[in-house]
>>> print(open('my_file.txt').read())   # compact mmCIF, N, CA and C atoms
# COMPACT_ATOMS: atom_id res chain seq x y z
N MET A 14 -54.11 28.71 -8.88
CA MET A 14 -52.76 28.21 -8.71
C MET A 14 -52.78 26.86 -7.99
N LEU A 15 -53.71 26.71 -7.07
CA LEU A 15 -53.81 25.43 -6.35
C LEU A 15 -54.10 24.28 -7.30
N LEU A 16 -54.97 24.52 -8.27
CA LEU A 16 -55.29 23.47 -9.24
C LEU A 16 -54.05 23.06 -10.03
N GLY A 17 -53.19 23.99 -10.35
CA GLY A 17 -51.94 23.68 -11.04
C GLY A 17 -51.04 22.79 -10.21
N TRP A 18 -50.93 23.10 -8.92
CA TRP A 18 -50.10 22.28 -8.03
C TRP A 18 -50.68 20.88 -7.86
N VAL A 19 -51.99 20.80 -7.75
CA VAL A 19 -52.64 19.49 -7.61
C VAL A 19 -52.41 18.65 -8.87
N ALA A 20 -52.61 19.27 -10.04
CA ALA A 20 -52.40 18.55 -11.30
C ALA A 20 -50.95 18.09 -11.43
N ALA A 21 -50.01 18.95 -11.06
CA ALA A 21 -48.59 18.59 -11.14
C ALA A 21 -48.25 17.45 -10.18
N ALA A 22 -48.76 17.54 -8.96
CA ALA A 22 -48.46 16.49 -7.98
C ALA A 22 -49.04 15.15 -8.40
N LEU A 23 -50.26 15.16 -8.93
CA LEU A 23 -50.87 13.91 -9.39
C LEU A 23 -50.16 13.36 -10.62
N ALA A 24 -49.68 14.24 -11.48
CA ALA A 24 -48.93 13.79 -12.65
C ALA A 24 -47.62 13.12 -12.23
N VAL A 25 -46.96 13.69 -11.24
CA VAL A 25 -45.72 13.08 -10.72
C VAL A 25 -46.04 11.76 -10.03
N LEU A 26 -47.17 11.71 -9.34
CA LEU A 26 -47.56 10.48 -8.65
C LEU A 26 -47.75 9.32 -9.63
N THR A 27 -48.23 9.61 -10.85
CA THR A 27 -48.38 8.53 -11.84
C THR A 27 -47.04 7.88 -12.15
N ALA A 28 -45.99 8.69 -12.22
CA ALA A 28 -44.65 8.14 -12.49
C ALA A 28 -44.15 7.32 -11.30
N TYR A 29 -44.42 7.79 -10.09
CA TYR A 29 -43.99 7.04 -8.91
C TYR A 29 -44.72 5.71 -8.80
N VAL A 30 -45.99 5.69 -9.14
CA VAL A 30 -46.74 4.44 -9.10
C VAL A 30 -46.21 3.47 -10.15
N ARG A 31 -45.88 3.98 -11.34
CA ARG A 31 -45.29 3.12 -12.36
C ARG A 31 -43.99 2.51 -11.85
N THR A 32 -43.17 3.32 -11.20
CA THR A 32 -41.89 2.86 -10.65
C THR A 32 -42.12 1.86 -9.52
N LEU A 33 -43.21 2.03 -8.78
CA LEU A 33 -43.53 1.09 -7.71
C LEU A 33 -43.71 -0.32 -8.25
N GLY A 34 -44.37 -0.43 -9.40
CA GLY A 34 -44.54 -1.74 -10.02
C GLY A 34 -43.21 -2.34 -10.43
N ALA A 35 -42.36 -1.52 -11.01
CA ALA A 35 -41.04 -2.01 -11.43
C ALA A 35 -40.20 -2.41 -10.22
N ALA A 36 -40.28 -1.63 -9.15
CA ALA A 36 -39.49 -1.94 -7.96
C ALA A 36 -39.95 -3.23 -7.29
N ASN A 37 -41.20 -3.59 -7.48
CA ASN A 37 -41.71 -4.83 -6.90
C ASN A 37 -41.60 -6.01 -7.85
N GLY A 38 -40.95 -5.81 -8.96
CA GLY A 38 -40.66 -6.91 -9.87
C GLY A 38 -41.78 -7.31 -10.80
N VAL A 39 -42.81 -6.49 -10.93
CA VAL A 39 -43.90 -6.85 -11.83
C VAL A 39 -43.91 -6.00 -13.10
N GLY A 40 -42.93 -5.16 -13.26
CA GLY A 40 -42.78 -4.38 -14.49
C GLY A 40 -43.42 -3.01 -14.42
N ASN A 41 -43.22 -2.27 -15.49
CA ASN A 41 -43.77 -0.93 -15.62
C ASN A 41 -45.15 -1.00 -16.26
N PHE A 42 -46.07 -0.25 -15.71
CA PHE A 42 -47.41 -0.15 -16.28
C PHE A 42 -47.59 1.28 -16.79
N PHE A 43 -47.79 1.41 -18.08
CA PHE A 43 -47.95 2.72 -18.70
C PHE A 43 -49.40 3.00 -19.05
N ASN A 44 -50.31 2.19 -18.55
CA ASN A 44 -51.72 2.32 -18.92
C ASN A 44 -52.41 3.38 -18.07
N GLY A 45 -53.64 3.67 -18.42
CA GLY A 45 -54.43 4.66 -17.73
C GLY A 45 -54.84 5.77 -18.69
N PRO A 46 -55.93 6.46 -18.39
CA PRO A 46 -56.45 7.46 -19.32
C PRO A 46 -55.61 8.72 -19.42
N MET A 47 -54.71 8.95 -18.48
CA MET A 47 -53.93 10.20 -18.54
C MET A 47 -52.44 9.91 -18.35
N ALA A 48 -51.92 9.03 -19.23
CA ALA A 48 -50.49 8.77 -19.24
C ALA A 48 -49.78 10.02 -19.77
N LYS A 49 -48.47 10.05 -19.65
CA LYS A 49 -47.73 11.27 -19.97
C LYS A 49 -48.01 11.82 -21.37
N PRO A 50 -48.03 11.02 -22.42
CA PRO A 50 -48.29 11.61 -23.74
C PRO A 50 -49.65 12.31 -23.83
N ILE A 51 -50.65 11.73 -23.18
CA ILE A 51 -51.98 12.33 -23.20
C ILE A 51 -51.97 13.64 -22.41
N ARG A 52 -51.31 13.64 -21.25
CA ARG A 52 -51.21 14.88 -20.46
C ARG A 52 -50.56 15.99 -21.27
N MET A 53 -49.51 15.64 -21.99
CA MET A 53 -48.81 16.66 -22.78
C MET A 53 -49.70 17.20 -23.90
N TRP A 54 -50.48 16.33 -24.54
CA TRP A 54 -51.39 16.78 -25.59
C TRP A 54 -52.49 17.68 -25.02
N VAL A 55 -53.00 17.34 -23.86
CA VAL A 55 -54.04 18.16 -23.23
C VAL A 55 -53.50 19.56 -22.93
N VAL A 56 -52.32 19.63 -22.36
CA VAL A 56 -51.73 20.93 -22.02
C VAL A 56 -51.39 21.72 -23.28
N ALA A 57 -50.83 21.06 -24.28
CA ALA A 57 -50.50 21.75 -25.53
C ALA A 57 -51.75 22.28 -26.22
N ALA A 58 -52.80 21.46 -26.25
CA ALA A 58 -54.06 21.91 -26.87
C ALA A 58 -54.65 23.07 -26.09
N ALA A 59 -54.57 23.01 -24.77
CA ALA A 59 -55.10 24.10 -23.94
C ALA A 59 -54.34 25.40 -24.19
N CYS A 60 -53.03 25.29 -24.37
CA CYS A 60 -52.24 26.50 -24.66
C CYS A 60 -52.70 27.13 -25.97
N LEU A 61 -52.91 26.31 -26.98
CA LEU A 61 -53.37 26.85 -28.26
C LEU A 61 -54.80 27.40 -28.17
N LEU A 62 -55.66 26.68 -27.48
CA LEU A 62 -57.05 27.12 -27.37
C LEU A 62 -57.21 28.35 -26.48
N SER A 63 -56.23 28.60 -25.62
CA SER A 63 -56.33 29.76 -24.74
C SER A 63 -55.95 31.06 -25.43
N LEU A 64 -55.35 30.98 -26.61
CA LEU A 64 -54.94 32.20 -27.31
C LEU A 64 -56.10 33.15 -27.59
N PRO A 65 -57.25 32.68 -28.05
CA PRO A 65 -58.33 33.62 -28.34
C PRO A 65 -59.26 33.91 -27.16
N GLU A 66 -58.85 33.57 -25.93
CA GLU A 66 -59.73 33.80 -24.78
C GLU A 66 -60.15 35.26 -24.66
N VAL A 67 -59.19 36.16 -24.60
CA VAL A 67 -59.49 37.57 -24.39
C VAL A 67 -60.28 38.16 -25.57
N PRO A 68 -59.87 37.92 -26.83
CA PRO A 68 -60.67 38.46 -27.94
C PRO A 68 -62.11 37.94 -27.97
N LEU A 69 -62.34 36.72 -27.45
CA LEU A 69 -63.69 36.16 -27.42
C LEU A 69 -64.48 36.59 -26.18
N GLY A 70 -63.83 37.33 -25.31
CA GLY A 70 -64.51 37.82 -24.12
C GLY A 70 -64.53 36.84 -22.96
N LEU A 71 -63.75 35.78 -23.06
CA LEU A 71 -63.67 34.81 -21.96
C LEU A 71 -62.69 35.32 -20.90
N PRO A 72 -62.91 34.93 -19.66
CA PRO A 72 -61.93 35.30 -18.63
C PRO A 72 -60.57 34.65 -18.93
N ARG A 73 -59.53 35.39 -18.68
CA ARG A 73 -58.18 34.88 -18.95
C ARG A 73 -57.89 33.68 -18.04
N GLY A 74 -57.42 32.59 -18.64
CA GLY A 74 -57.02 31.40 -17.89
C GLY A 74 -58.10 30.34 -17.74
N VAL A 75 -59.27 30.58 -18.26
CA VAL A 75 -60.35 29.60 -18.08
C VAL A 75 -60.05 28.30 -18.82
N VAL A 76 -59.49 28.39 -20.01
CA VAL A 76 -59.18 27.17 -20.78
C VAL A 76 -58.08 26.37 -20.08
N LEU A 77 -57.05 27.05 -19.61
CA LEU A 77 -55.98 26.34 -18.91
C LEU A 77 -56.48 25.76 -17.59
N GLY A 78 -57.39 26.45 -16.92
CA GLY A 78 -57.97 25.91 -15.69
C GLY A 78 -58.75 24.63 -15.94
N ILE A 79 -59.52 24.63 -17.01
CA ILE A 79 -60.27 23.41 -17.37
C ILE A 79 -59.30 22.28 -17.71
N ALA A 80 -58.25 22.61 -18.46
CA ALA A 80 -57.26 21.59 -18.83
C ALA A 80 -56.57 21.03 -17.60
N LEU A 81 -56.24 21.88 -16.64
CA LEU A 81 -55.61 21.40 -15.41
C LEU A 81 -56.56 20.49 -14.62
N GLY A 82 -57.83 20.83 -14.63
CA GLY A 82 -58.81 19.96 -13.98
C GLY A 82 -58.89 18.60 -14.65
N VAL A 83 -58.86 18.61 -15.98
CA VAL A 83 -58.89 17.35 -16.73
C VAL A 83 -57.64 16.53 -16.44
N VAL A 84 -56.48 17.18 -16.41
CA VAL A 84 -55.22 16.49 -16.12
C VAL A 84 -55.24 15.93 -14.70
N ALA A 85 -55.71 16.72 -13.75
CA ALA A 85 -55.75 16.26 -12.35
C ALA A 85 -56.66 15.06 -12.19
N LEU A 86 -57.87 15.16 -12.70
CA LEU A 86 -58.82 14.04 -12.57
C LEU A 86 -58.33 12.81 -13.33
N GLY A 87 -57.84 13.00 -14.54
CA GLY A 87 -57.32 11.89 -15.33
C GLY A 87 -56.11 11.24 -14.69
N SER A 88 -55.25 12.05 -14.08
CA SER A 88 -54.07 11.49 -13.41
C SER A 88 -54.47 10.68 -12.18
N LEU A 89 -55.47 11.16 -11.46
CA LEU A 89 -55.94 10.41 -10.30
C LEU A 89 -56.51 9.06 -10.73
N ILE A 90 -57.28 9.06 -11.79
CA ILE A 90 -57.83 7.80 -12.31
C ILE A 90 -56.69 6.89 -12.79
N THR A 91 -55.69 7.47 -13.44
CA THR A 91 -54.54 6.70 -13.91
C THR A 91 -53.80 6.05 -12.75
N VAL A 92 -53.63 6.77 -11.65
CA VAL A 92 -52.97 6.21 -10.47
C VAL A 92 -53.75 5.00 -9.96
N VAL A 93 -55.07 5.13 -9.88
CA VAL A 93 -55.90 4.02 -9.40
C VAL A 93 -55.80 2.82 -10.34
N VAL A 94 -55.86 3.08 -11.65
CA VAL A 94 -55.77 2.00 -12.64
C VAL A 94 -54.43 1.27 -12.51
N ARG A 95 -53.37 2.04 -12.40
CA ARG A 95 -52.03 1.42 -12.30
C ARG A 95 -51.87 0.65 -11.00
N LEU A 96 -52.38 1.19 -9.90
CA LEU A 96 -52.28 0.47 -8.63
C LEU A 96 -53.04 -0.85 -8.69
N ARG A 97 -54.19 -0.85 -9.34
CA ARG A 97 -54.93 -2.10 -9.50
C ARG A 97 -54.16 -3.10 -10.35
N CYS A 98 -53.53 -2.62 -11.42
CA CYS A 98 -52.73 -3.52 -12.26
C CYS A 98 -51.56 -4.10 -11.48
N ILE A 99 -50.91 -3.27 -10.68
CA ILE A 99 -49.79 -3.74 -9.87
C ILE A 99 -50.28 -4.76 -8.85
N ALA A 100 -51.41 -4.49 -8.21
CA ALA A 100 -51.94 -5.43 -7.22
C ALA A 100 -52.28 -6.77 -7.86
N ARG A 101 -52.90 -6.74 -9.03
CA ARG A 101 -53.23 -8.01 -9.72
C ARG A 101 -51.96 -8.76 -10.11
N ALA A 102 -50.95 -8.02 -10.58
CA ALA A 102 -49.69 -8.67 -10.96
C ALA A 102 -49.00 -9.27 -9.74
N LEU A 103 -49.05 -8.58 -8.62
CA LEU A 103 -48.42 -9.11 -7.41
C LEU A 103 -49.15 -10.33 -6.88
N GLU A 104 -50.45 -10.40 -7.08
CA GLU A 104 -51.21 -11.58 -6.64
C GLU A 104 -50.81 -12.82 -7.44
N ARG A 105 -50.37 -12.64 -8.66
CA ARG A 105 -49.98 -13.77 -9.50
C ARG A 105 -48.55 -14.24 -9.27
N VAL A 106 -47.76 -13.42 -8.55
CA VAL A 106 -46.36 -13.79 -8.28
C VAL A 106 -46.36 -14.86 -7.19
N PRO A 107 -45.66 -15.97 -7.44
CA PRO A 107 -45.61 -17.02 -6.42
C PRO A 107 -44.87 -16.54 -5.17
N ALA A 108 -45.36 -16.99 -4.01
CA ALA A 108 -44.79 -16.54 -2.73
C ALA A 108 -43.44 -17.14 -2.47
>>> encode(input="my_file.txt", output="structure tokens")
Amino acid sequence: MLLGWVAAALAVLTAYVRTLGAANGVGNFFNGPMAKPIRMWVVAAACLLSLPEVPLGLPRGVVLGIALGVVALGSLITVVVRLRCIARALERVPA
């Protein structure tokens, strides 16, 4: 359950970082390896792939756990990428 909360918090943080760029006048940055459309595809694919977990003898929830880990790590990388883009854009803004 903790992994789910971490993934959700990092996913929300990506949106806040995007808004941070807009609030500082440098625009919205939608880049990064785990932008919202990618996160949604990862979760949707995990839901479908988790259907045969029990018949295949896998522990229940292992596929969703892996997907949440991917979303969490990808969201963290996305936050870093966006913050770097915002910092570079702010450096180019005249004082």
>>> residues_around(input="my_file.txt", residues="range 94-103 of chain A", least_positions_apart="3", cutoff="7 Å", atoms="only N, CA and C atoms", output="list in words")
Val30, Arg31, Gly34, Val39, Phe42, Asn44, Gly45, Leu89, Ile90, Thr91, Val106 and Pro107 of chain A
>>> write_last_selection(input="my_file.txt", atoms="N, CA and C atoms", output="PDB file, keeping the file's coordinate frame")
ATOM      1  N   VAL A  30     -45.990   5.690  -9.140  1.00  0.00           N
ATOM      2  CA  VAL A  30     -46.740   4.440  -9.100  1.00  0.00           C
ATOM      3  C   VAL A  30     -46.210   3.470 -10.150  1.00  0.00           C
ATOM      4  N   ARG A  31     -45.880   3.980 -11.340  1.00  0.00           N
ATOM      5  CA  ARG A  31     -45.290   3.120 -12.360  1.00  0.00           C
ATOM      6  C   ARG A  31     -43.990   2.510 -11.850  1.00  0.00           C
ATOM      7  N   GLY A  34     -44.370  -0.430  -9.400  1.00  0.00           N
ATOM      8  CA  GLY A  34     -44.540  -1.740 -10.020  1.00  0.00           C
ATOM      9  C   GLY A  34     -43.210  -2.340 -10.430  1.00  0.00           C
ATOM     10  N   VAL A  39     -42.810  -6.490 -10.930  1.00  0.00           N
ATOM     11  CA  VAL A  39     -43.900  -6.850 -11.830  1.00  0.00           C
ATOM     12  C   VAL A  39     -43.910  -6.000 -13.100  1.00  0.00           C
ATOM     13  N   PHE A  42     -46.070  -0.250 -15.710  1.00  0.00           N
ATOM     14  CA  PHE A  42     -47.410  -0.150 -16.280  1.00  0.00           C
ATOM     15  C   PHE A  42     -47.590   1.280 -16.790  1.00  0.00           C
ATOM     16  N   ASN A  44     -50.310   2.190 -18.550  1.00  0.00           N
ATOM     17  CA  ASN A  44     -51.720   2.320 -18.920  1.00  0.00           C
ATOM     18  C   ASN A  44     -52.410   3.380 -18.070  1.00  0.00           C
ATOM     19  N   GLY A  45     -53.640   3.670 -18.420  1.00  0.00           N
ATOM     20  CA  GLY A  45     -54.430   4.660 -17.730  1.00  0.00           C
ATOM     21  C   GLY A  45     -54.840   5.770 -18.690  1.00  0.00           C
ATOM     22  N   LEU A  89     -55.470  11.160 -11.460  1.00  0.00           N
ATOM     23  CA  LEU A  89     -55.940  10.410 -10.300  1.00  0.00           C
ATOM     24  C   LEU A  89     -56.510   9.060 -10.730  1.00  0.00           C
ATOM     25  N   ILE A  90     -57.280   9.060 -11.790  1.00  0.00           N
ATOM     26  CA  ILE A  90     -57.830   7.800 -12.310  1.00  0.00           C
ATOM     27  C   ILE A  90     -56.690   6.890 -12.790  1.00  0.00           C
ATOM     28  N   THR A  91     -55.690   7.470 -13.440  1.00  0.00           N
ATOM     29  CA  THR A  91     -54.540   6.700 -13.910  1.00  0.00           C
ATOM     30  C   THR A  91     -53.800   6.050 -12.750  1.00  0.00           C
ATOM     31  N   VAL A 106     -47.760 -13.420  -8.550  1.00  0.00           N
ATOM     32  CA  VAL A 106     -46.360 -13.790  -8.280  1.00  0.00           C
ATOM     33  C   VAL A 106     -46.360 -14.860  -7.190  1.00  0.00           C
ATOM     34  N   PRO A 107     -45.660 -15.970  -7.440  1.00  0.00           N
ATOM     35  CA  PRO A 107     -45.610 -17.020  -6.420  1.00  0.00           C
ATOM     36  C   PRO A 107     -44.870 -16.540  -5.170  1.00  0.00           C
TER      37      PRO A 107
END
>>> closest_residue(input="my_file.txt", among="A:Leu61, A:Leu16, A:Leu23, A:Val56", to="Gly87 in chain A", atoms="all atoms listed in the file")
A:Leu23
>>> atom_distance(input="my_file.txt", atom1="CA of Val67 in chain A", atom2="CA of Ile79 in chain A")
15.8 Å
>>> closest_residue(input="my_file.txt", among="A:Val92, A:Lys49, A:Gly82, A:Val75", to="Leu26 in chain A", atoms="all atoms listed in the file")
A:Val92
>>> closest_residue(input="my_file.txt", among="A:Thr32, A:Met47, A:Leu15, A:Ala21", to="Ser88 in chain A", atoms="only N, CA and C atoms")
A:Met47
>>> select_by_dssp(input="my_file.txt", residues="range 34-81 of chain A", states="alpha helix (DSSP H)", output="PDB file with N, CA and C atoms, in the coordinates of the input")
ATOM      1  N   GLY A  34     -44.370  -0.430  -9.400  1.00  0.00           N
ATOM      2  CA  GLY A  34     -44.540  -1.740 -10.020  1.00  0.00           C
ATOM      3  C   GLY A  34     -43.210  -2.340 -10.430  1.00  0.00           C
ATOM      4  N   ALA A  35     -42.360  -1.520 -11.010  1.00  0.00           N
ATOM      5  CA  ALA A  35     -41.040  -2.010 -11.430  1.00  0.00           C
ATOM      6  C   ALA A  35     -40.200  -2.410 -10.220  1.00  0.00           C
ATOM      7  N   ALA A  36     -40.280  -1.630  -9.150  1.00  0.00           N
ATOM      8  CA  ALA A  36     -39.490  -1.940  -7.960  1.00  0.00           C
ATOM      9  C   ALA A  36     -39.950  -3.230  -7.290  1.00  0.00           C
ATOM     10  N   LYS A  49     -48.470  10.050 -19.650  1.00  0.00           N
ATOM     11  CA  LYS A  49     -47.730  11.270 -19.970  1.00  0.00           C
ATOM     12  C   LYS A  49     -48.010  11.820 -21.370  1.00  0.00           C
ATOM     13  N   PRO A  50     -48.030  11.020 -22.420  1.00  0.00           N
ATOM     14  CA  PRO A  50     -48.290  11.610 -23.740  1.00  0.00           C
ATOM     15  C   PRO A  50     -49.650  12.310 -23.830  1.00  0.00           C
ATOM     16  N   ILE A  51     -50.650  11.730 -23.180  1.00  0.00           N
ATOM     17  CA  ILE A  51     -51.980  12.330 -23.200  1.00  0.00           C
ATOM     18  C   ILE A  51     -51.970  13.640 -22.410  1.00  0.00           C
ATOM     19  N   ARG A  52     -51.310  13.640 -21.250  1.00  0.00           N
ATOM     20  CA  ARG A  52     -51.210  14.880 -20.460  1.00  0.00           C
ATOM     21  C   ARG A  52     -50.560  15.990 -21.270  1.00  0.00           C
ATOM     22  N   MET A  53     -49.510  15.640 -21.990  1.00  0.00           N
ATOM     23  CA  MET A  53     -48.810  16.660 -22.780  1.00  0.00           C
ATOM     24  C   MET A  53     -49.700  17.200 -23.900  1.00  0.00           C
ATOM     25  N   TRP A  54     -50.480  16.330 -24.540  1.00  0.00           N
ATOM     26  CA  TRP A  54     -51.390  16.780 -25.590  1.00  0.00           C
ATOM     27  C   TRP A  54     -52.490  17.680 -25.020  1.00  0.00           C
ATOM     28  N   VAL A  55     -53.000  17.340 -23.860  1.00  0.00           N
ATOM     29  CA  VAL A  55     -54.040  18.160 -23.230  1.00  0.00           C
ATOM     30  C   VAL A  55     -53.500  19.560 -22.930  1.00  0.00           C
ATOM     31  N   VAL A  56     -52.320  19.630 -22.360  1.00  0.00           N
ATOM     32  CA  VAL A  56     -51.730  20.930 -22.020  1.00  0.00           C
ATOM     33  C   VAL A  56     -51.390  21.720 -23.280  1.00  0.00           C
ATOM     34  N   ALA A  57     -50.830  21.060 -24.280  1.00  0.00           N
ATOM     35  CA  ALA A  57     -50.500  21.750 -25.530  1.00  0.00           C
ATOM     36  C   ALA A  57     -51.750  22.280 -26.220  1.00  0.00           C
ATOM     37  N   ALA A  58     -52.800  21.460 -26.250  1.00  0.00           N
ATOM     38  CA  ALA A  58     -54.060  21.910 -26.870  1.00  0.00           C
ATOM     39  C   ALA A  58     -54.650  23.070 -26.090  1.00  0.00           C
ATOM     40  N   ALA A  59     -54.570  23.010 -24.770  1.00  0.00           N
ATOM     41  CA  ALA A  59     -55.100  24.100 -23.940  1.00  0.00           C
ATOM     42  C   ALA A  59     -54.340  25.400 -24.190  1.00  0.00           C
ATOM     43  N   CYS A  60     -53.030  25.290 -24.370  1.00  0.00           N
ATOM     44  CA  CYS A  60     -52.240  26.500 -24.660  1.00  0.00           C
ATOM     45  C   CYS A  60     -52.700  27.130 -25.970  1.00  0.00           C
ATOM     46  N   LEU A  61     -52.910  26.310 -26.980  1.00  0.00           N
ATOM     47  CA  LEU A  61     -53.370  26.850 -28.260  1.00  0.00           C
ATOM     48  C   LEU A  61     -54.800  27.400 -28.170  1.00  0.00           C
ATOM     49  N   LEU A  62     -55.660  26.680 -27.480  1.00  0.00           N
ATOM     50  CA  LEU A  62     -57.050  27.120 -27.370  1.00  0.00           C
ATOM     51  C   LEU A  62     -57.210  28.350 -26.480  1.00  0.00           C
ATOM     52  N   VAL A  75     -59.270  30.580 -18.260  1.00  0.00           N
ATOM     53  CA  VAL A  75     -60.350  29.600 -18.080  1.00  0.00           C
ATOM     54  C   VAL A  75     -60.050  28.300 -18.820  1.00  0.00           C
ATOM     55  N   VAL A  76     -59.490  28.390 -20.010  1.00  0.00           N
ATOM     56  CA  VAL A  76     -59.180  27.170 -20.780  1.00  0.00           C
ATOM     57  C   VAL A  76     -58.080  26.370 -20.080  1.00  0.00           C
ATOM     58  N   LEU A  77     -57.050  27.050 -19.610  1.00  0.00           N
ATOM     59  CA  LEU A  77     -55.980  26.340 -18.910  1.00  0.00           C
ATOM     60  C   LEU A  77     -56.480  25.760 -17.590  1.00  0.00           C
ATOM     61  N   GLY A  78     -57.390  26.450 -16.920  1.00  0.00           N
ATOM     62  CA  GLY A  78     -57.970  25.910 -15.690  1.00  0.00           C
ATOM     63  C   GLY A  78     -58.750  24.630 -15.940  1.00  0.00           C
ATOM     64  N   ILE A  79     -59.520  24.630 -17.010  1.00  0.00           N
ATOM     65  CA  ILE A  79     -60.270  23.410 -17.370  1.00  0.00           C
ATOM     66  C   ILE A  79     -59.300  22.280 -17.710  1.00  0.00           C
ATOM     67  N   ALA A  80     -58.250  22.610 -18.460  1.00  0.00           N
ATOM     68  CA  ALA A  80     -57.260  21.590 -18.830  1.00  0.00           C
ATOM     69  C   ALA A  80     -56.570  21.030 -17.600  1.00  0.00           C
ATOM     70  N   LEU A  81     -56.240  21.880 -16.640  1.00  0.00           N
ATOM     71  CA  LEU A  81     -55.610  21.400 -15.410  1.00  0.00           C
ATOM     72  C   LEU A  81     -56.560  20.490 -14.620  1.00  0.00           C
TER      73      LEU A  81
END
